[in-house]
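Reading through the structure tokens given below for one structure.
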Amino acid sequence: RTEFALKEIMSSGGAEDDIPQAERKTVTDFCYLLDKSKQLFNGLRDLPQYGQKQWQSYFGRTFDVYTKLWKFQQQHRQVLDNRYGLKRWQIGEIASKIGQLYYHYYLRTSETSYLNEAFSFYSAIRQRSYYSQVNKEDRPELVVKKLRYYARFIVVCLLLNKMDVVKDLVKELSDEIEDYTHRFNTEDQVEWNLVLQEVAAFIEADPVMVLNDDNTIVITSNRLSETGAPLLEQGMIVGQLALADALIIGNCNNQVKFSELTIDMFRMLQALEREPMNLASQMNKPGMQESTEKPARRENPHKYLLYKPTFSQLYTFLAASFKELPANSVLLIYLSATGVFPAGRSDSEGPYDFGGVLTNSNRDIINGDAIHKRNQSYKEMHCLHPGDLYPFTRKPLFIIVDSSNSVAYKNFTNLFGQPLVCLLSPTAYPKALQDQSQRGSLFTLFLNNPLMAFLFVSGLSSMRRGLWEKCQDYLRKINRDIAQLLTHSRSIDQSFLQFFGDEFLRLLLTRFIFCSATMRMHKIFRETRNYPESYPQLPRDETVENPHLQKHILELASILDVRNVFLENTLDDY
């Protein structure tokens, strides 16, 4: 490629002798860096997706080359313009690759600050119009590069909750797709229109809008903030375990998704992250900081995001997480998936007799949830059964199952005496709420944004910012009281307390109890299957049916003027 570039220079810039040696070296060095960067970038896809160590040195080398390439083209822009014929879209491609690198750092490390760096590079491409001339060239593959850049930029903006930018990008992408399909009459028009539909549905998935006084929408973040989790108070005796790894699995049929991220996965990953910090103030370069320079605050738990994995894929990632889990650490498994039910009645009641949740296969789905089996004497293969998780209970395990067959995981057995908790969604919702399932599960919404979920079940679809903030303050008080109830309970299983020392798990547990208490008091949630459950069971009278907590929920309902949707006769007299 370097020789080809030099020949191009000779043909366009006159005789080779006319080109100063220094300028020829500049072009040669640029071509070398460009080739090397592409070679390293293409090699990233060959790295194993699981395991936290193998990829770091390779990513570091790739990042080094791209940093050199970016600085080199900045320093020698005029020579490269004149002698190499460097086009603006080529500069855009380099910036786009650096944005992708930062995004992949985020996926590998779960450090949200890398998202800000990806956003910076993607923003620069748009602000400097690097791709603006692409449409003038008769090369559809260049336009596709531009469309893919937009799709990647949208994903980063969604993860950073920059919804205003997302809406602008969607409009621009729509115009670009229209122009592309009109000019080239390509076969991928349907696919690109589907991308637009997916992101539009994703933006509108939240069931409640928070409004400023001028009716603009307030963007709320659901990552862990400094005031997010209730603080541990004196006298609370809890374990010292820390959440280190999480598998977030999405395999729901017909749920809103964008770029292999269902709305449930999106909500749960944000519940397991802290608010992003400015990377520049925190570290020099991805994977390059010395241990002495590490930020004082705790890191985010590492995450794997698995969209519709097969059983083999799920088990491989699970085994990798289990193997690398540090001492005194917790592995979290979040399953948002279609339920798989046993075909017939079984004489035994073992860990493979209750069904589980769906893993990916090419088998047809019958009636939404039920899976057809030719021979009823065999267990369903494309299913994660509770028994499949037994080997991993040798280490502390925190499981969340959001499924129409979540109760299959109620029949767990703690074989090894390690801390083990399963939080299980309702298996059915009242008919009035069922049509919302495409926009994400209500149970996961409670774990991600409990106030929004509370407003939704109360029949509210919008709210003023001032009232929203007042309710958030009151909800923080409720969370503090739930923490008191849980840690002062005399009959609670010790596993809950073992996990309560970790901020993320503490917040999930308090939100779970708030969710369960809310549903038990709600007038339309009247069947047992409408309520969340857990393994081990929580002492109801001390937690989800505690009169003190019920009084708080009615008070929150009063602030919102929706007390009429909740039962009052569950309360004792005060």
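A note on labels: chains of the structure tokens are A, B, ... as shown, every chain counts residues from 1, and ligands are counted from 1 in their shown order.
Excluding A:Gly466 itself and same-chain residues fewer than 4 positions from it, the residues having an atom within 12 Å of it are A:Val210, A:Leu211, A:Asn212, A:Asp213, A:Val218, A:Lys470, A:Cys471, A:Gln472, A:Asp473, A:Ile559, A:Leu560, counting only C-alpha atoms.
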Residues near A:Asp481, anyone? I mean within 9 Å using only C-alpha atoms, not counting same-chain ones fewer than 5 positions away, as a count of residues only.
5
Separation of atom CA of A:Ile94 and atom CA of A:Glu273, in Å?
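Going from atom CA of A:Ile94 over to atom CA of A:Glu273 covers 29.0 Å.
The space between atom CA of A:Asn135 and atom CA of A:Ile177 spans 11.1 Å.
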Choose the residue, out of A:Ser113, A:Ser534, A:Thr67, A:Gln313, that has the smallest atom-to-atom separation from A:Asn360; count only C-alpha atoms.
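So, comparing all the options, the nearest one is A:Gln313.
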Using only C-alpha atoms, what does the table of stretch 72-123 of chain A residues within 10 Å of stretch 34-47 of chain A look like, with each row giving the shortest atom pair and its distance in Å to one decimal, sorted by chain and ascending number, as a tab-separated table?
```
residue	atom	partner	partner_atom	distance
A:Ile94	CA	A:Leu34	CA	8.7
A:Lys97	CA	A:Phe41	CA	8.0
A:Ile98	CA	A:Phe41	CA	9.7
A:Gln100	CA	A:Phe41	CA	9.7
A:Leu101	CA	A:Phe41	CA	8.5
A:His104	CA	A:Leu44	CA	9.7
```
Using only C-alpha atoms, determine which residues lie at most 6 Å from A:Leu335, disregarding the query and same-chain residues fewer than 5 positions distant; provide the list as an mmCIF file with C-alpha atoms, in the first residue's frame.
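Once everything was written out, this is part_33.cif:
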```
data_model
loop_
_atom_site.group_PDB
_atom_site.id
_atom_site.type_symbol
_atom_site.label_atom_id
_atom_site.label_comp_id
_atom_site.auth_asym_id
_atom_site.auth_seq_id
_atom_site.Cartn_x
_atom_site.Cartn_y
_atom_site.Cartn_z
ATOM 1 C CA ILE A 249 -28.566 -11.548 29.547
ATOM 2 C CA VAL A 401 -34.654 -13.473 37.009
ATOM 3 C CA ASP A 402 -37.187 -11.415 35.053
#
```
Applying 10 Å and only C-alpha atoms, which residues near A:Leu451 remain after dropping the ones on its own chain fewer than 5 positions away? List them as a ChimeraX atom specification.
/A:208,445-446,456,468,471-472,475,511,515,556
For A:Gly339: contacts at 8 Å, only C-alpha atoms, fewer than 3 positions along chain excluded, given as an NGL selection string
:A and (355-358 or 369-370 or 403-406)
